[in-house]
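Heads up: the structure comes next, in structure tokens.
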Amino acid sequence: MPARTRQTPDYPFEIRRSAIQGRGAFATRRIRPGQRIIEYTGERITPEEGDRRYEEDGMGRHHTFLFTVDEETCVDGKKGGNESRYINHSCDPNCEAVIEDGRIWIYAKRSIQPGAELAYDYQYERTPQHTKEDEEFYRCLCGTAKCRGTILAPAKKTRAPRKASPKKASAKKTNSGGAKKAAKASKAAKATKATKAAKRSRA
Ligand SMILES: C[S@@+](CC[C@H](N)C(=O)[O-])C[C@H]1O[C@@H](n2cnc3c(N)ncnc32)[C@H](O)[C@@H]1O
Ligand SMILES: [Zn+2]
């Protein structure tokens, strides 16, 4: 009888140590711009359950595997998730996350050569309550020339009203829960990653 083999998906990347943080995902072959690379999978939970699992007060440095789908749902990549959970953040990313019908997909933003580390912009939600201490808690180690020093989204600039433009779809990634209750409002803001995303052509 032939030996049983476990089917592993043929991802165009491998997981190994990263200069950014911990482990990361590195291209093993060329990835085309717009190519759908992998789905961000894991257990679907409420933001409140995400808060419970990743209590920030006990963390010296922030580290989670949560991704926000919407106000009611987060995906915890640590439970039943695939290799997508190792894709790190960069302030000058070669990938982006897109939510399509409640599912999270990672796409290439540009051509990625073998050996390059895959990364997307987590853009943790920033609020006016954020302090220097928060910036440090979410310190970014991407090392790119465009590094903003923190994984928090860039501070919004106030601009004169402009002509309305068509809305893009957006995806949110979380570090410990998305929408927290009023008592934890400022922490909730710290907790949410958001990646700008537009619907893209499929691989
Ligand atoms: C989904 S994990 C990514 C995989 C992670 N490197 C590991 O080995 O577990 C997300 C966590 O990785 C870390 N991380 C990812 N990108 C980072 C960056 N640019 N700077 C600092 N830490 C980063 C943060 O601790 C974040 O909460
Ligand atoms: Zn950075």
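Ordered as shown in the structure tokens, chains take letters A, B, and onward, while each chain numbers its residues from 1 and ligands are numbered from 1 in the order shown.
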Closest-contact table, chain A side, partner ligand 2, 12 Å, counting only C-alpha atoms and all ligand atoms, as a Markdown table:
| residue | atom | partner | partner_atom_place_in_ligand_line | distance |
| --- | --- | --- | --- | --- |
| A:Ile20 | CA | ligand 2 | 1 (Zn) | 9.1 |
| A:Gln21 | CA | ligand 2 | 1 (Zn) | 11.5 |
| A:Asn88 | CA | ligand 2 | 1 (Zn) | 10.3 |
| A:His89 | CA | ligand 2 | 1 (Zn) | 7.3 |
| A:Ser90 | CA | ligand 2 | 1 (Zn) | 5.1 |
| A:Cys91 | CA | ligand 2 | 1 (Zn) | 4.2 |
| A:Asp92 | CA | ligand 2 | 1 (Zn) | 7.2 |
| A:Pro93 | CA | ligand 2 | 1 (Zn) | 9.2 |
| A:Ala119 | CA | ligand 2 | 1 (Zn) | 10.5 |
| A:Tyr120 | CA | ligand 2 | 1 (Zn) | 10.4 |
| A:Asp121 | CA | ligand 2 | 1 (Zn) | 8.6 |
| A:Tyr122 | CA | ligand 2 | 1 (Zn) | 10.0 |
| A:Gln123 | CA | ligand 2 | 1 (Zn) | 10.1 |
| A:Glu135 | CA | ligand 2 | 1 (Zn) | 11.6 |
| A:Tyr138 | CA | ligand 2 | 1 (Zn) | 10.1 |
| A:Arg139 | CA | ligand 2 | 1 (Zn) | 8.0 |
| A:Cys140 | CA | ligand 2 | 1 (Zn) | 4.5 |
| A:Leu141 | CA | ligand 2 | 1 (Zn) | 5.6 |
| A:Cys142 | CA | ligand 2 | 1 (Zn) | 4.2 |
| A:Gly143 | CA | ligand 2 | 1 (Zn) | 5.9 |
| A:Thr144 | CA | ligand 2 | 1 (Zn) | 6.2 |
| A:Ala145 | CA | ligand 2 | 1 (Zn) | 8.3 |
| A:Lys146 | CA | ligand 2 | 1 (Zn) | 6.8 |
| A:Cys147 | CA | ligand 2 | 1 (Zn) | 3.5 |
| A:Arg148 | CA | ligand 2 | 1 (Zn) | 5.3 |
| A:Gly149 | CA | ligand 2 | 1 (Zn) | 5.3 |
| A:Thr150 | CA | ligand 2 | 1 (Zn) | 6.1 |
| A:Ile151 | CA | ligand 2 | 1 (Zn) | 6.5 |
| A:Leu152 | CA | ligand 2 | 1 (Zn) | 9.5 |
| A:Ala153 | CA | ligand 2 | 1 (Zn) | 10.4 |
| A:Pro154 | CA | ligand 2 | 1 (Zn) | 10.8 |
Within 12 Å of Tyr40 in chain A, counting only C-alpha atoms, which residues show up once you throw out same-chain ones fewer than 2 positions away? Write them as a compact mmCIF listing (two decimals) with N, CA and C atoms, in the first residue's frame, please.
# COMPACT_ATOMS: atom_id res chain seq x y z
N ARG A 36 -2.89 36.75 -6.08
CA ARG A 36 -3.44 36.37 -4.78
C ARG A 36 -2.51 35.30 -4.21
N ILE A 37 -1.96 35.56 -3.02
CA ILE A 37 -0.90 34.69 -2.49
C ILE A 37 -1.45 33.65 -1.52
N ILE A 38 -2.27 34.10 -0.58
CA ILE A 38 -2.76 33.17 0.45
C ILE A 38 -3.94 33.81 1.18
N GLY A 42 -7.91 31.09 10.16
CA GLY A 42 -7.82 30.86 11.60
C GLY A 42 -9.22 30.79 12.17
N GLU A 43 -9.27 30.77 13.49
CA GLU A 43 -10.57 30.68 14.14
C GLU A 43 -11.28 32.03 14.09
N ARG A 44 -12.55 32.01 13.73
CA ARG A 44 -13.34 33.26 13.70
C ARG A 44 -13.93 33.48 15.08
N PHE A 65 -1.96 37.43 16.74
CA PHE A 65 -2.23 36.84 15.43
C PHE A 65 -3.66 37.17 14.98
N LEU A 66 -4.20 38.27 15.50
CA LEU A 66 -5.59 38.62 15.19
C LEU A 66 -5.70 39.50 13.95
N PHE A 67 -6.76 39.28 13.20
CA PHE A 67 -7.07 40.12 12.04
C PHE A 67 -8.55 40.44 12.10
N THR A 68 -8.90 41.72 12.08
CA THR A 68 -10.30 42.12 12.14
C THR A 68 -10.97 42.02 10.77
N VAL A 69 -12.11 41.33 10.75
CA VAL A 69 -12.89 41.26 9.51
C VAL A 69 -13.91 42.40 9.50
N CYS A 74 -13.25 38.73 14.33
CA CYS A 74 -11.80 38.72 14.13
C CYS A 74 -11.40 37.30 13.73
N VAL A 75 -10.27 37.18 13.06
CA VAL A 75 -9.71 35.86 12.78
C VAL A 75 -8.45 35.72 13.61
N ASP A 76 -8.38 34.64 14.40
CA ASP A 76 -7.18 34.36 15.20
C ASP A 76 -6.35 33.33 14.46
N GLY A 77 -5.28 33.80 13.83
CA GLY A 77 -4.42 32.92 13.04
C GLY A 77 -3.68 31.88 13.87
N LYS A 78 -3.66 32.08 15.18
CA LYS A 78 -2.93 31.13 16.03
C LYS A 78 -3.70 29.82 16.19
N LYS A 79 -5.01 29.89 16.03
CA LYS A 79 -5.86 28.70 16.17
C LYS A 79 -6.34 28.25 14.80
N GLY A 80 -5.72 27.20 14.31
CA GLY A 80 -6.16 26.65 13.03
C GLY A 80 -5.77 27.50 11.83
N GLY A 81 -4.84 28.42 12.04
CA GLY A 81 -4.43 29.29 10.94
C GLY A 81 -3.33 28.66 10.09
N ASN A 82 -3.09 29.26 8.95
CA ASN A 82 -2.03 28.74 8.06
C ASN A 82 -0.79 29.64 8.14
N GLU A 83 0.10 29.49 7.17
CA GLU A 83 1.39 30.21 7.17
C GLU A 83 1.23 31.72 7.01
N SER A 84 0.06 32.17 6.62
CA SER A 84 -0.14 33.62 6.43
C SER A 84 0.11 34.38 7.73
N ARG A 85 -0.04 33.71 8.85
CA ARG A 85 0.11 34.42 10.13
C ARG A 85 1.54 34.89 10.37
N TYR A 86 2.48 34.38 9.57
CA TYR A 86 3.88 34.81 9.76
C TYR A 86 4.26 35.99 8.87
N ILE A 87 3.34 36.49 8.09
CA ILE A 87 3.68 37.63 7.24
C ILE A 87 3.75 38.89 8.11
N GLU A 96 -0.61 43.43 0.13
CA GLU A 96 -1.71 44.10 0.84
C GLU A 96 -2.78 43.07 1.18
N ALA A 97 -3.57 43.39 2.20
CA ALA A 97 -4.64 42.50 2.64
C ALA A 97 -5.97 43.06 2.16
N VAL A 98 -6.82 42.17 1.66
CA VAL A 98 -8.11 42.58 1.11
C VAL A 98 -9.19 41.67 1.69
N ILE A 99 -10.31 42.27 2.12
CA ILE A 99 -11.43 41.44 2.59
C ILE A 99 -12.43 41.29 1.45
N GLU A 100 -12.73 40.05 1.14
CA GLU A 100 -13.70 39.75 0.09
C GLU A 100 -14.71 38.78 0.65
N GLY A 102 -16.10 38.60 3.47
CA GLY A 102 -15.80 38.17 4.84
C GLY A 102 -14.53 37.34 4.96
N ARG A 103 -13.84 37.11 3.86
CA ARG A 103 -12.58 36.36 3.93
C ARG A 103 -11.41 37.31 3.63
N ILE A 104 -10.26 37.00 4.26
CA ILE A 104 -9.10 37.89 4.15
C ILE A 104 -8.09 37.26 3.20
N TRP A 105 -7.68 38.03 2.22
CA TRP A 105 -6.70 37.52 1.24
C TRP A 105 -5.49 38.44 1.20
N ILE A 106 -4.34 37.83 1.00
CA ILE A 106 -3.10 38.61 0.84
C ILE A 106 -2.73 38.59 -0.65
N TYR A 107 -2.56 39.79 -1.19
CA TYR A 107 -2.21 39.95 -2.60
C TYR A 107 -0.85 40.64 -2.73
N ALA A 171 -9.75 46.38 4.54
CA ALA A 171 -9.54 45.23 5.42
C ALA A 171 -8.89 45.70 6.70
N LYS A 172 -9.26 45.08 7.83
CA LYS A 172 -8.68 45.50 9.11
C LYS A 172 -8.00 44.34 9.79
N LYS A 173 -6.85 44.58 10.33
CA LYS A 173 -6.15 43.56 11.09
C LYS A 173 -6.06 44.05 12.52
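Restricting the calculation to only C-alpha atoms, the smallest distance between Glu14 in chain A and any of A:Pro114, A:Glu71, A:Gly58, A:Asp134 is found for A:Pro114.
For the set A:Ala116, A:Met59, A:Ile31, A:Ile45, the residue with the smallest atom-to-atom gap to ligand 1 is A:Met59, counting only C-alpha atoms and all ligand atoms.
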| Distance query Lys109 in chain A at most 7 Å, only C-alpha atoms, self and fewer than 4 positions along chain excluded, as a PyMOL selection string | chain A and resi 33-34+94-96
| request: Can you check which residues of range 32-157 of chain A DSSP gives as helix (DSSP H, G or I) on the backbone and send them as a PyMOL selection string? | output: chain A and resi 47-53+56-58+83-86+132-137
Write a file of the just-selected residues containing N, CA and C atoms, as a PDB file, in the first residue's frame.
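This went into result-v9.pdb:
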ATOM      1  N   PRO A  47     -14.444  40.231  18.730  1.00  0.00           N
ATOM      2  CA  PRO A  47     -13.360  41.093  19.223  1.00  0.00           C
ATOM      3  C   PRO A  47     -13.165  40.943  20.730  1.00  0.00           C
ATOM      4  N   GLU A  48     -14.261  40.715  21.456  1.00  0.00           N
ATOM      5  CA  GLU A  48     -14.161  40.554  22.920  1.00  0.00           C
ATOM      6  C   GLU A  48     -13.338  39.312  23.257  1.00  0.00           C
ATOM      7  N   GLU A  49     -13.557  38.240  22.502  1.00  0.00           N
ATOM      8  CA  GLU A  49     -12.775  37.018  22.730  1.00  0.00           C
ATOM      9  C   GLU A  49     -11.303  37.275  22.360  1.00  0.00           C
ATOM     10  N   GLY A  50     -11.098  38.086  21.318  1.00  0.00           N
ATOM     11  CA  GLY A  50      -9.730  38.459  20.938  1.00  0.00           C
ATOM     12  C   GLY A  50      -9.038  39.210  22.064  1.00  0.00           C
ATOM     13  N   ASP A  51      -9.778  40.115  22.703  1.00  0.00           N
ATOM     14  CA  ASP A  51      -9.220  40.866  23.837  1.00  0.00           C
ATOM     15  C   ASP A  51      -8.821  39.921  24.956  1.00  0.00           C
ATOM     16  N   ARG A  52      -9.690  38.929  25.181  1.00  0.00           N
ATOM     17  CA  ARG A  52      -9.435  37.996  26.274  1.00  0.00           C
ATOM     18  C   ARG A  52      -8.161  37.179  25.983  1.00  0.00           C
ATOM     19  N   ARG A  53      -8.031  36.761  24.719  1.00  0.00           N
ATOM     20  CA  ARG A  53      -6.876  35.921  24.369  1.00  0.00           C
ATOM     21  C   ARG A  53      -5.556  36.681  24.362  1.00  0.00           C
ATOM     22  N   GLU A  56      -3.341  42.980  26.317  1.00  0.00           N
ATOM     23  CA  GLU A  56      -2.163  43.823  26.064  1.00  0.00           C
ATOM     24  C   GLU A  56      -1.431  44.251  27.330  1.00  0.00           C
ATOM     25  N   ASP A  57      -2.186  44.371  28.427  1.00  0.00           N
ATOM     26  CA  ASP A  57      -1.544  44.855  29.650  1.00  0.00           C
ATOM     27  C   ASP A  57      -0.423  43.917  30.112  1.00  0.00           C
ATOM     28  N   GLY A  58      -0.536  42.638  29.750  1.00  0.00           N
ATOM     29  CA  GLY A  58       0.482  41.674  30.167  1.00  0.00           C
ATOM     30  C   GLY A  58       1.630  41.561  29.179  1.00  0.00           C
ATOM     31  N   GLU A  83       0.101  29.487   7.170  1.00  0.00           N
ATOM     32  CA  GLU A  83       1.388  30.210   7.174  1.00  0.00           C
ATOM     33  C   GLU A  83       1.226  31.724   7.012  1.00  0.00           C
ATOM     34  N   SER A  84       0.063  32.173   6.622  1.00  0.00           N
ATOM     35  CA  SER A  84      -0.138  33.622   6.435  1.00  0.00           C
ATOM     36  C   SER A  84       0.113  34.384   7.734  1.00  0.00           C
ATOM     37  N   ARG A  85      -0.041  33.710   8.854  1.00  0.00           N
ATOM     38  CA  ARG A  85       0.113  34.417  10.128  1.00  0.00           C
ATOM     39  C   ARG A  85       1.544  34.887  10.370  1.00  0.00           C
ATOM     40  N   TYR A  86       2.481  34.383   9.572  1.00  0.00           N
ATOM     41  CA  TYR A  86       3.879  34.806   9.756  1.00  0.00           C
ATOM     42  C   TYR A  86       4.258  35.995   8.872  1.00  0.00           C
ATOM     43  N   LYS A 132       3.042  58.741  23.127  1.00  0.00           N
ATOM     44  CA  LYS A 132       4.384  58.307  22.711  1.00  0.00           C
ATOM     45  C   LYS A 132       4.639  56.875  23.178  1.00  0.00           C
ATOM     46  N   GLU A 133       4.089  56.575  24.355  1.00  0.00           N
ATOM     47  CA  GLU A 133       4.238  55.237  24.935  1.00  0.00           C
ATOM     48  C   GLU A 133       3.583  54.189  24.019  1.00  0.00           C
ATOM     49  N   ASP A 134       2.417  54.555  23.476  1.00  0.00           N
ATOM     50  CA  ASP A 134       1.733  53.634  22.558  1.00  0.00           C
ATOM     51  C   ASP A 134       2.578  53.424  21.304  1.00  0.00           C
ATOM     52  N   GLU A 135       3.155  54.512  20.811  1.00  0.00           N
ATOM     53  CA  GLU A 135       3.993  54.408  19.612  1.00  0.00           C
ATOM     54  C   GLU A 135       5.125  53.415  19.862  1.00  0.00           C
ATOM     55  N   GLU A 136       5.662  53.475  21.068  1.00  0.00           N
ATOM     56  CA  GLU A 136       6.765  52.581  21.430  1.00  0.00           C
ATOM     57  C   GLU A 136       6.263  51.138  21.560  1.00  0.00           C
ATOM     58  N   PHE A 137       5.069  50.983  22.130  1.00  0.00           N
ATOM     59  CA  PHE A 137       4.489  49.650  22.290  1.00  0.00           C
ATOM     60  C   PHE A 137       4.305  48.985  20.918  1.00  0.00           C
TER      61      PHE A 137
END
| field | Best match for closeness to ligand 1 among A:Ser111, A:Thr46, A:Thr64, A:Thr28, counting only C-alpha atoms and all ligand atoms | value | A:Thr64
| Between A:Thr127, A:Leu118, A:Asp70, A:Asp101, which one has atoms that come closest to ligand 1, using only C-alpha atoms and all ligand atoms? | A:Leu118
